[in-house]
Amino acid sequence: MTSPEEILPPDLLETLRGRAARYDRDNSFFAEDLEDLRSAGYLALFTPVEQGGSGLDIPAVVKCQRRLASAAPATALAVNMHLVWCGVAHLLARGGDDSLSFVLEEAAQGDVFAFGISEPGNPAVLFDSKTAAVPQDGGGYAFTGRKIFTSLSPAWTRLGIFGKDSSSEEEPRLVFGFADRSTAGISALDDWNTMGMRASQSRTTLLEEAVVPAARIVRHTPVGPHADAFVFGIFSLFETLLSAVYAGLAGRALDLAAEAAGKRRVQGEPASRDPHTRWRVADAAIRLDGAILQLDAVARDLESGTDHGPFWFPRLSGLKLRTTDTARGIVETAMQVAGGAGYFRGSEIERLYRDVLAGMFHPSSEDSAHDSMARAVLGPADGQ
């Protein structure tokens, strides 16, 4: 199996890191990074070797994403969405379901898969949709709705979307499919101007009777909570790979804190000898160590098919919550250790501080993570 260090060698990482500040300053898409990553085979990490990929498993891709995020967090966050779909295909294939085999094949051919799932005002996320999915002759569907945070917006070639088929009032269904970029009725707003993660260009996508043919409709699921393997795959890969990005960002912040401690002076001595600075850096390292241990354990359990029953969803949402909270705290520690220099616009720590705040806005939210764990431990609030 190819190692993360072979896929992302030090010289490539430094090239990516060298562009990150420019992408952030200009609020521009990471087009050059994407081409370098495509050339390195990064889009096909999950694709089997015999199909032209690296044949990596989930733990190995987690390590790759941590490594990439240590150099270019916004690039890693956007590529994450492509890797989620590839990871779902990988997870389903391990269980004997080849319905997404085309995702792995096309990823190896250079196609980029984007994540058109999030919708404004839809806290149910994967269990309901505000997008209409209207049945068409031949088994396809016409999708009309608004998707937000569509990372890779300038470059995707395939868009994974879902909507609600309400043609049966008694039993509405959720419909998942993949649209080509050439599909009529799909447009993107140029509305991405955020505090951080700017290079991801996660723009709003508008669907206006965008028809996905039957051959690209991959799943029908019920509205409301359920245990469909496809939906579990989306949720589990999203939370796990997202956590990998923020763990990688936190690791870079810890490195910068240690570097700053060696350069700054406290009462004439290197800050690395100051007991308060040493405690702060050590505390950050301890917190990061725990987050990575949990991340790696979840990745291994997903790959091996471990059955956590009703605790799978709360453990995944808890992983995301703990990792993003830990990363935010570590970046704040790095800011403290770096001193005033880290507060200036253009410093890497300042950019990481803005990037890490995005972790608060990804699913699962703090409230939904606690609700999920409460249901697993205490049962439903109404007792039924």
# chains A, B, ... in the order shown; residues from 1 in each chain; ligands from 1
>>> residues_around(residues="Gly145 of chain A", least_positions_apart="6", cutoff="9 Å", atoms="only C-alpha atoms", output="ChimeraX atom specification")
/A:119,130-133,163,205-209
>>> write_last_selection(atoms="all heavy atoms", output="JSON list (two decimals), in the first residue's frame")
[["chain", "number", "residue", "atom", "x", "y", "z"],
["A", 119, "GLU", "N", -28.42, 22.31, 2.89],
["A", 119, "GLU", "CA", -29.47, 23.24, 2.48],
["A", 119, "GLU", "C", -29.74, 24.23, 3.59],
["A", 119, "GLU", "O", -29.66, 23.88, 4.77],
["A", 119, "GLU", "CB", -30.77, 22.47, 2.17],
["A", 119, "GLU", "CG", -30.65, 21.46, 1.07],
["A", 119, "GLU", "CD", -31.87, 20.56, 0.97],
["A", 119, "GLU", "OE1", -32.62, 20.44, 1.97],
["A", 119, "GLU", "OE2", -32.07, 19.96, -0.10],
["A", 130, "LYS", "N", -35.31, 20.04, 1.48],
["A", 130, "LYS", "CA", -36.14, 21.11, 0.97],
["A", 130, "LYS", "C", -36.09, 21.18, -0.56],
["A", 130, "LYS", "O", -36.78, 22.01, -1.17],
["A", 130, "LYS", "CB", -35.71, 22.45, 1.58],
["A", 130, "LYS", "CG", -35.96, 22.56, 3.08],
["A", 130, "LYS", "CD", -35.46, 23.88, 3.62],
["A", 130, "LYS", "CE", -35.85, 24.07, 5.08],
["A", 130, "LYS", "NZ", -37.31, 24.22, 5.26],
["A", 131, "THR", "N", -35.27, 20.37, -1.16],
["A", 131, "THR", "CA", -35.16, 20.31, -2.62],
["A", 131, "THR", "C", -36.20, 19.35, -3.17],
["A", 131, "THR", "O", -36.35, 18.23, -2.67],
["A", 131, "THR", "CB", -33.75, 19.84, -3.02],
["A", 131, "THR", "OG1", -32.79, 20.80, -2.58],
["A", 131, "THR", "CG2", -33.63, 19.65, -4.52],
["A", 132, "ALA", "N", -36.91, 19.77, -4.19],
["A", 132, "ALA", "CA", -37.92, 18.93, -4.82],
["A", 132, "ALA", "C", -37.27, 18.00, -5.83],
["A", 132, "ALA", "O", -36.44, 18.43, -6.64],
["A", 132, "ALA", "CB", -38.97, 19.79, -5.51],
["A", 133, "ALA", "N", -37.62, 16.72, -5.78],
["A", 133, "ALA", "CA", -37.17, 15.73, -6.75],
["A", 133, "ALA", "C", -38.41, 15.20, -7.46],
["A", 133, "ALA", "O", -39.17, 14.41, -6.89],
["A", 133, "ALA", "CB", -36.41, 14.60, -6.06],
["A", 163, "GLY", "N", -32.87, 15.13, -3.05],
["A", 163, "GLY", "CA", -34.09, 15.90, -2.88],
["A", 163, "GLY", "C", -35.22, 14.99, -2.46],
["A", 163, "GLY", "O", -35.04, 13.77, -2.32],
["A", 205, "THR", "N", -25.18, 26.63, -4.73],
["A", 205, "THR", "CA", -25.56, 26.01, -5.99],
["A", 205, "THR", "C", -27.08, 26.05, -6.14],
["A", 205, "THR", "O", -27.81, 25.67, -5.22],
["A", 205, "THR", "CB", -25.08, 24.55, -6.06],
["A", 205, "THR", "OG1", -23.65, 24.52, -5.94],
["A", 205, "THR", "CG2", -25.48, 23.90, -7.38],
["A", 206, "LEU", "N", -27.55, 26.50, -7.28],
["A", 206, "LEU", "CA", -28.98, 26.55, -7.57],
["A", 206, "LEU", "C", -29.34, 25.44, -8.54],
["A", 206, "LEU", "O", -28.67, 25.24, -9.56],
["A", 206, "LEU", "CB", -29.35, 27.91, -8.18],
["A", 206, "LEU", "CG", -29.03, 29.15, -7.34],
["A", 206, "LEU", "CD1", -29.48, 30.41, -8.08],
["A", 206, "LEU", "CD2", -29.68, 29.07, -5.97],
["A", 207, "LEU", "N", -30.41, 24.71, -8.21],
["A", 207, "LEU", "CA", -30.93, 23.65, -9.07],
["A", 207, "LEU", "C", -32.31, 24.07, -9.56],
["A", 207, "LEU", "O", -33.20, 24.35, -8.75],
["A", 207, "LEU", "CB", -31.04, 22.33, -8.30],
["A", 207, "LEU", "CG", -29.78, 21.84, -7.58],
["A", 207, "LEU", "CD1", -30.09, 20.61, -6.74],
["A", 207, "LEU", "CD2", -28.67, 21.54, -8.57],
["A", 208, "GLU", "N", -32.46, 24.15, -10.86],
["A", 208, "GLU", "CA", -33.74, 24.54, -11.46],
["A", 208, "GLU", "C", -34.14, 23.50, -12.49],
["A", 208, "GLU", "O", -33.72, 23.54, -13.63],
["A", 208, "GLU", "CB", -33.60, 25.92, -12.10],
["A", 208, "GLU", "CG", -33.19, 27.02, -11.11],
["A", 208, "GLU", "CD", -32.96, 28.35, -11.79],
["A", 208, "GLU", "OE1", -33.66, 28.63, -12.79],
["A", 208, "GLU", "OE2", -32.09, 29.09, -11.33],
["A", 209, "GLU", "N", -34.91, 22.52, -12.01],
["A", 209, "GLU", "CA", -35.34, 21.40, -12.85],
["A", 209, "GLU", "C", -34.14, 20.73, -13.52],
["A", 209, "GLU", "O", -34.14, 20.44, -14.72],
["A", 209, "GLU", "CB", -36.38, 21.85, -13.89],
["A", 209, "GLU", "CG", -37.66, 22.37, -13.25],
["A", 209, "GLU", "CD", -38.73, 22.71, -14.28],
["A", 209, "GLU", "OE1", -38.43, 22.65, -15.50],
["A", 209, "GLU", "OE2", -39.86, 23.02, -13.87]]
>>> residues_around(residues="His226 of chain A", least_positions_apart="2", cutoff="12 Å", atoms="only C-alpha atoms", output="list in words")
Ala124, Leu126, Phe127, Asp128, Leu174, His220, Thr221, Pro222, Val223, Gly224, Asp228, Ala229, Phe230, Val231, Phe232, Pro310 and Phe313 of chain A
>>> residues_around(residues="Gly309 of chain A", least_positions_apart="5", cutoff="12 Å", atoms="only C-alpha atoms", output="list of chain:residue names")
A:Ala227, A:Phe232, A:Pro314, A:Arg315, A:Ala376, A:Val377
>>> write_last_selection(atoms="N, CA, C and O atoms", output="JSON list (two decimals), in the first residue's frame")
[["chain", "number", "residue", "atom", "x", "y", "z"],
["A", 227, "ALA", "N", -31.50, 3.61, 9.09],
["A", 227, "ALA", "CA", -30.16, 3.01, 9.17],
["A", 227, "ALA", "C", -29.65, 2.55, 7.81],
["A", 227, "ALA", "O", -28.88, 1.59, 7.73],
["A", 232, "PHE", "N", -25.56, 6.13, 6.09],
["A", 232, "PHE", "CA", -24.54, 5.97, 7.13],
["A", 232, "PHE", "C", -23.15, 6.20, 6.56],
["A", 232, "PHE", "O", -22.30, 6.82, 7.20],
["A", 314, "PRO", "N", -23.82, 8.91, 17.47],
["A", 314, "PRO", "CA", -23.28, 9.84, 18.47],
["A", 314, "PRO", "C", -21.76, 9.82, 18.55],
["A", 314, "PRO", "O", -21.14, 10.84, 18.84],
["A", 315, "ARG", "N", -21.13, 8.69, 18.29],
["A", 315, "ARG", "CA", -19.67, 8.65, 18.32],
["A", 315, "ARG", "C", -19.07, 9.42, 17.17],
["A", 315, "ARG", "O", -18.05, 10.10, 17.31],
["A", 376, "ALA", "N", -28.94, 7.93, 22.56],
["A", 376, "ALA", "CA", -28.28, 6.63, 22.69],
["A", 376, "ALA", "C", -28.19, 6.19, 24.16],
["A", 376, "ALA", "O", -28.34, 5.01, 24.48],
["A", 377, "VAL", "N", -27.94, 7.15, 25.06],
["A", 377, "VAL", "CA", -27.74, 6.82, 26.47],
["A", 377, "VAL", "C", -29.06, 6.78, 27.23],
["A", 377, "VAL", "O", -29.28, 5.87, 28.07]]
>>> closest_residue(among="A:Ser99, A:Val84, A:Phe311, A:Ile292", to="Leu378 of chain A", atoms="only C-alpha atoms")
A:Phe311
>>> closest_atom_pairs(of="segment 89-147 of chain A", to="segment 18-39 of chain A", cutoff="10 Å", atoms="only C-alpha atoms", output="tab-separated table")
residue	atom	partner	partner_atom	distance
A:Ala107	CA	A:Arg38	CA	9.3
A:Ala108	CA	A:Arg38	CA	8.9
A:Gln109	CA	A:Arg38	CA	9.4
A:Gly110	CA	A:Arg38	CA	6.6
A:Asp111	CA	A:Arg38	CA	9.2
A:Val112	CA	A:Arg38	CA	9.3
>>> atom_distance(atom1="atom CA of Ala284 of chain A", atom2="atom CA of Val331 of chain A")
8.8 Å
>>> closest_residue(among="A:Ala341, A:Thr333, A:Leu56, A:Ala244", to="Lys263 of chain A", atoms="only C-alpha atoms")
A:Ala341
>>> closest_residue(among="A:Gly340, A:Ser364, A:Ala285, A:Tyr353", to="Leu321 of chain A", atoms="only C-alpha atoms")
A:Ser364
>>> select_by_dssp(residues="segment 164-252 of chain A", states="alpha helix (DSSP H)", output="MDAnalysis selection string")
chainID A and resid 229:252
>>> closest_residue(among="A:Pro123, A:Gly379, A:Gly346, A:Pro213", to="Gly140 of chain A", atoms="only C-alpha atoms")
A:Pro213
>>> select_by_dssp(residues="segment 161-379 of chain A", states="strand (DSSP E)", output="MDAnalysis selection string")
chainID A and resid 161:165 173:180 186:188 203:212 217:222 265:266 269:270
>>> write_last_selection(atoms="N, CA and C atoms", output="mmCIF file, in the first residue's frame")
data_model
loop_
_atom_site.group_PDB
_atom_site.id
_atom_site.type_symbol
_atom_site.label_atom_id
_atom_site.label_comp_id
_atom_site.auth_asym_id
_atom_site.auth_seq_id
_atom_site.Cartn_x
_atom_site.Cartn_y
_atom_site.Cartn_z
ATOM 1 N N ILE A 161 -26.195 15.010 -5.342
ATOM 2 C CA ILE A 161 -27.299 15.815 -4.815
ATOM 3 C C ILE A 161 -28.414 14.893 -4.326
ATOM 4 N N PHE A 162 -29.319 15.470 -3.521
ATOM 5 C CA PHE A 162 -30.509 14.727 -3.148
ATOM 6 C C PHE A 162 -31.673 15.687 -2.971
ATOM 7 N N GLY A 163 -32.874 15.126 -3.053
ATOM 8 C CA GLY A 163 -34.086 15.902 -2.884
ATOM 9 C C GLY A 163 -35.218 14.991 -2.464
ATOM 10 N N LYS A 164 -36.403 15.563 -2.278
ATOM 11 C CA LYS A 164 -37.551 14.791 -1.795
ATOM 12 C C LYS A 164 -38.586 14.598 -2.898
ATOM 13 N N ASP A 165 -38.917 13.349 -3.120
ATOM 14 C CA ASP A 165 -39.980 12.979 -4.057
ATOM 15 C C ASP A 165 -41.283 12.923 -3.259
ATOM 16 N N ARG A 173 -40.292 10.085 -0.448
ATOM 17 C CA ARG A 173 -38.982 9.426 -0.423
ATOM 18 C C ARG A 173 -37.895 10.427 -0.744
ATOM 19 N N LEU A 174 -36.721 10.174 -0.211
ATOM 20 C CA LEU A 174 -35.547 10.969 -0.554
ATOM 21 C C LEU A 174 -34.801 10.274 -1.685
ATOM 22 N N VAL A 175 -34.340 11.066 -2.640
ATOM 23 C CA VAL A 175 -33.711 10.538 -3.847
ATOM 24 C C VAL A 175 -32.305 11.114 -3.969
ATOM 25 N N PHE A 176 -31.309 10.251 -4.152
ATOM 26 C CA PHE A 176 -29.915 10.651 -4.292
ATOM 27 C C PHE A 176 -29.427 10.326 -5.699
ATOM 28 N N GLY A 177 -28.677 11.244 -6.281
ATOM 29 C CA GLY A 177 -28.128 11.000 -7.607
ATOM 30 C C GLY A 177 -26.920 11.878 -7.890
ATOM 31 N N PHE A 178 -26.301 11.666 -9.039
ATOM 32 C CA PHE A 178 -25.114 12.418 -9.444
ATOM 33 C C PHE A 178 -25.374 13.092 -10.782
ATOM 34 N N ALA A 179 -25.173 14.406 -10.802
ATOM 35 C CA ALA A 179 -25.356 15.192 -12.019
ATOM 36 C C ALA A 179 -24.001 15.540 -12.623
ATOM 37 N N ASP A 180 -23.943 15.555 -13.947
ATOM 38 C CA ASP A 180 -22.755 16.044 -14.653
ATOM 39 C C ASP A 180 -22.756 17.572 -14.646
ATOM 40 N N ILE A 186 -28.320 23.805 -13.608
ATOM 41 C CA ILE A 186 -27.404 23.907 -12.467
ATOM 42 C C ILE A 186 -26.559 25.164 -12.628
ATOM 43 N N SER A 187 -26.566 26.010 -11.625
ATOM 44 C CA SER A 187 -25.750 27.221 -11.657
ATOM 45 C C SER A 187 -25.195 27.489 -10.268
ATOM 46 N N ALA A 188 -24.136 28.267 -10.210
ATOM 47 C CA ALA A 188 -23.499 28.599 -8.938
ATOM 48 C C ALA A 188 -23.431 30.107 -8.773
ATOM 49 N N ARG A 203 -19.349 27.680 -2.808
ATOM 50 C CA ARG A 203 -20.414 28.588 -3.212
ATOM 51 C C ARG A 203 -21.802 27.941 -3.154
ATOM 52 N N THR A 204 -22.822 28.782 -3.216
ATOM 53 C CA THR A 204 -24.201 28.311 -3.275
ATOM 54 C C THR A 204 -24.500 27.780 -4.677
ATOM 55 N N THR A 205 -25.180 26.628 -4.726
ATOM 56 C CA THR A 205 -25.564 26.010 -5.992
ATOM 57 C C THR A 205 -27.080 26.049 -6.137
ATOM 58 N N LEU A 206 -27.551 26.501 -7.281
ATOM 59 C CA LEU A 206 -28.981 26.552 -7.570
ATOM 60 C C LEU A 206 -29.341 25.436 -8.545
ATOM 61 N N LEU A 207 -30.408 24.708 -8.207
ATOM 62 C CA LEU A 207 -30.929 23.650 -9.069
ATOM 63 C C LEU A 207 -32.306 24.073 -9.562
ATOM 64 N N GLU A 208 -32.462 24.147 -10.856
ATOM 65 C CA GLU A 208 -33.737 24.544 -11.455
ATOM 66 C C GLU A 208 -34.144 23.496 -12.487
ATOM 67 N N GLU A 209 -34.910 22.516 -12.007
ATOM 68 C CA GLU A 209 -35.338 21.398 -12.853
ATOM 69 C C GLU A 209 -34.135 20.732 -13.521
ATOM 70 N N ALA A 210 -33.115 20.512 -12.721
ATOM 71 C CA ALA A 210 -31.909 19.831 -13.212
ATOM 72 C C ALA A 210 -32.190 18.329 -13.250
ATOM 73 N N VAL A 211 -32.168 17.754 -14.433
ATOM 74 C CA VAL A 211 -32.563 16.360 -14.603
ATOM 75 C C VAL A 211 -31.359 15.427 -14.469
ATOM 76 N N VAL A 212 -31.493 14.476 -13.552
ATOM 77 C CA VAL A 212 -30.500 13.412 -13.383
ATOM 78 C C VAL A 212 -31.112 12.136 -13.949
ATOM 79 N N ILE A 217 -29.181 7.810 -10.742
ATOM 80 C CA ILE A 217 -29.924 7.813 -9.479
ATOM 81 C C ILE A 217 -29.443 6.600 -8.687
ATOM 82 N N VAL A 218 -28.892 6.836 -7.499
ATOM 83 C CA VAL A 218 -28.197 5.752 -6.794
ATOM 84 C C VAL A 218 -28.901 5.275 -5.531
ATOM 85 N N ARG A 219 -29.889 6.047 -5.027
ATOM 86 C CA ARG A 219 -30.528 5.609 -3.783
ATOM 87 C C ARG A 219 -31.872 6.273 -3.580
ATOM 88 N N HIS A 220 -32.801 5.510 -3.000
ATOM 89 C CA HIS A 220 -34.064 6.034 -2.482
ATOM 90 C C HIS A 220 -34.123 5.642 -1.006
ATOM 91 N N THR A 221 -34.376 6.614 -0.140
ATOM 92 C CA THR A 221 -34.445 6.335 1.295
ATOM 93 C C THR A 221 -35.691 6.979 1.882
ATOM 94 N N PRO A 222 -36.152 6.498 3.042
ATOM 95 C CA PRO A 222 -37.311 7.124 3.677
ATOM 96 C C PRO A 222 -36.957 8.482 4.277
ATOM 97 N N ARG A 265 11.735 35.531 23.265
ATOM 98 C CA ARG A 265 12.511 35.641 24.503
ATOM 99 C C ARG A 265 11.576 36.061 25.639
ATOM 100 N N VAL A 266 11.719 35.417 26.761
ATOM 101 C CA VAL A 266 10.984 35.765 27.984
ATOM 102 C C VAL A 266 12.013 36.032 29.070
ATOM 103 N N GLU A 269 15.481 34.896 28.217
ATOM 104 C CA GLU A 269 15.687 33.483 27.920
ATOM 105 C C GLU A 269 14.711 33.038 26.829
ATOM 106 N N PRO A 270 15.069 31.988 26.067
ATOM 107 C CA PRO A 270 14.106 31.465 25.081
ATOM 108 C C PRO A 270 12.792 31.085 25.756
#
>>> residues_around(residues="Leu104 of chain A", least_positions_apart="5", cutoff="8 Å", atoms="only C-alpha atoms", output="MDAnalysis selection string")
chainID A and resid 44 46:48 86 89:90
>>> write_last_selection(atoms="N, CA and C atoms", output="PDB file, in the first residue's frame")
ATOM      1  N   ALA A  44      -7.770   9.698  -6.457  1.00  0.00           N
ATOM      2  CA  ALA A  44      -8.063   8.265  -6.546  1.00  0.00           C
ATOM      3  C   ALA A  44      -7.470   7.490  -5.376  1.00  0.00           C
ATOM      4  N   PHE A  46      -8.918   6.190  -2.808  1.00  0.00           N
ATOM      5  CA  PHE A  46      -9.741   5.032  -2.450  1.00  0.00           C
ATOM      6  C   PHE A  46      -9.896   4.035  -3.603  1.00  0.00           C
ATOM      7  N   THR A  47      -9.590   4.457  -4.815  1.00  0.00           N
ATOM      8  CA  THR A  47      -9.788   3.583  -5.973  1.00  0.00           C
ATOM      9  C   THR A  47      -8.810   2.413  -5.926  1.00  0.00           C
ATOM     10  N   PRO A  48      -9.287   1.182  -6.138  1.00  0.00           N
ATOM     11  CA  PRO A  48      -8.375   0.028  -6.128  1.00  0.00           C
ATOM     12  C   PRO A  48      -7.230   0.182  -7.120  1.00  0.00           C
ATOM     13  N   CYS A  86     -15.960   9.186  -2.589  1.00  0.00           N
ATOM     14  CA  CYS A  86     -15.106   8.023  -2.879  1.00  0.00           C
ATOM     15  C   CYS A  86     -15.084   7.061  -1.692  1.00  0.00           C
ATOM     16  N   ALA A  89     -18.246   5.021  -1.588  1.00  0.00           N
ATOM     17  CA  ALA A  89     -18.150   3.944  -2.579  1.00  0.00           C
ATOM     18  C   ALA A  89     -17.276   2.803  -2.057  1.00  0.00           C
ATOM     19  N   HIS A  90     -16.176   3.155  -1.427  1.00  0.00           N
ATOM     20  CA  HIS A  90     -15.266   2.156  -0.847  1.00  0.00           C
ATOM     21  C   HIS A  90     -15.966   1.364   0.251  1.00  0.00           C
TER      22      HIS A  90
END
>>> closest_residue(among="A:Val245, A:Ala369, A:Ala142, A:Leu357", to="Trp312 of chain A", atoms="only C-alpha atoms")
A:Ala369
>>> residues_around(residues="Trp192 of chain A", least_positions_apart="3", cutoff="10 Å", atoms="only C-alpha atoms", output="PyMOL selection string")
chain A and resi 27-28+149-151+153+189+195+197-204
>>> write_last_selection(atoms="N, CA, C and O atoms", output="compact mmCIF listing (two decimals), in the first residue's frame")
# COMPACT_ATOMS: atom_id res chain seq x y z
N ASN A 27 -8.88 35.45 -2.12
CA ASN A 27 -10.17 34.74 -2.11
C ASN A 27 -10.36 33.99 -3.42
O ASN A 27 -11.39 34.05 -4.08
N SER A 28 -9.32 33.23 -3.79
CA SER A 28 -9.33 32.53 -5.07
C SER A 28 -9.32 31.02 -4.86
O SER A 28 -8.91 30.51 -3.80
N PHE A 149 -22.76 25.80 0.67
CA PHE A 149 -21.45 25.25 1.02
C PHE A 149 -21.02 24.15 0.04
O PHE A 149 -20.54 23.10 0.47
N THR A 150 -21.17 24.42 -1.26
CA THR A 150 -20.74 23.45 -2.26
C THR A 150 -19.27 23.69 -2.56
O THR A 150 -18.90 24.46 -3.46
N SER A 151 -18.41 23.03 -1.80
CA SER A 151 -16.97 23.16 -2.03
C SER A 151 -16.62 22.65 -3.42
O SER A 151 -17.36 21.87 -4.02
N SER A 153 -16.64 24.38 -6.02
CA SER A 153 -17.62 24.92 -6.96
C SER A 153 -17.06 25.25 -8.34
O SER A 153 -17.70 24.94 -9.36
N LEU A 189 -23.67 30.56 -7.55
CA LEU A 189 -23.54 31.97 -7.24
C LEU A 189 -22.09 32.28 -6.87
O LEU A 189 -21.42 31.45 -6.26
N MET A 195 -14.60 34.54 6.27
CA MET A 195 -13.48 34.84 7.15
C MET A 195 -12.31 33.87 6.91
O MET A 195 -11.15 34.29 6.88
N MET A 197 -11.10 29.56 5.38
CA MET A 197 -11.30 28.49 4.40
C MET A 197 -11.71 29.06 3.04
O MET A 197 -12.56 28.53 2.33
N ARG A 198 -11.05 30.15 2.66
CA ARG A 198 -11.48 30.91 1.49
C ARG A 198 -11.19 30.18 0.18
O ARG A 198 -11.99 30.25 -0.77
N ALA A 199 -10.08 29.46 0.11
CA ALA A 199 -9.72 28.80 -1.15
C ALA A 199 -10.69 27.68 -1.52
O ALA A 199 -10.73 27.26 -2.67
N SER A 200 -11.49 27.20 -0.57
CA SER A 200 -12.43 26.12 -0.87
C SER A 200 -13.51 26.55 -1.85
O SER A 200 -14.10 25.72 -2.54
N GLN A 201 -13.79 27.87 -1.91
CA GLN A 201 -14.81 28.42 -2.80
C GLN A 201 -16.10 27.58 -2.75
O GLN A 201 -16.61 27.08 -3.76
N SER A 202 -16.63 27.48 -1.54
CA SER A 202 -17.82 26.65 -1.28
C SER A 202 -19.09 27.44 -1.55
O SER A 202 -19.83 27.81 -0.63
N ARG A 203 -19.35 27.68 -2.81
CA ARG A 203 -20.41 28.59 -3.21
C ARG A 203 -21.80 27.94 -3.15
O ARG A 203 -21.93 26.71 -3.07
N THR A 204 -22.82 28.78 -3.22
CA THR A 204 -24.20 28.31 -3.28
C THR A 204 -24.50 27.78 -4.68
O THR A 204 -24.12 28.38 -5.68
>>> closest_residue(among="A:Glu5, A:Asp98, A:Glu350, A:Asp289", to="Gln336 of chain A", atoms="only C-alpha atoms")
A:Glu350
>>> atom_distance(atom1="atom CA of Val125 of chain A", atom2="atom CA of Gly138 of chain A")
27.9 Å
>>> residues_around(residues="Arg328 of chain A", least_positions_apart="3", cutoff="10 Å", atoms="only C-alpha atoms", output="MDAnalysis selection string")
chainID A and resid 246:247 249:250 253 322:325 331:334 352:360
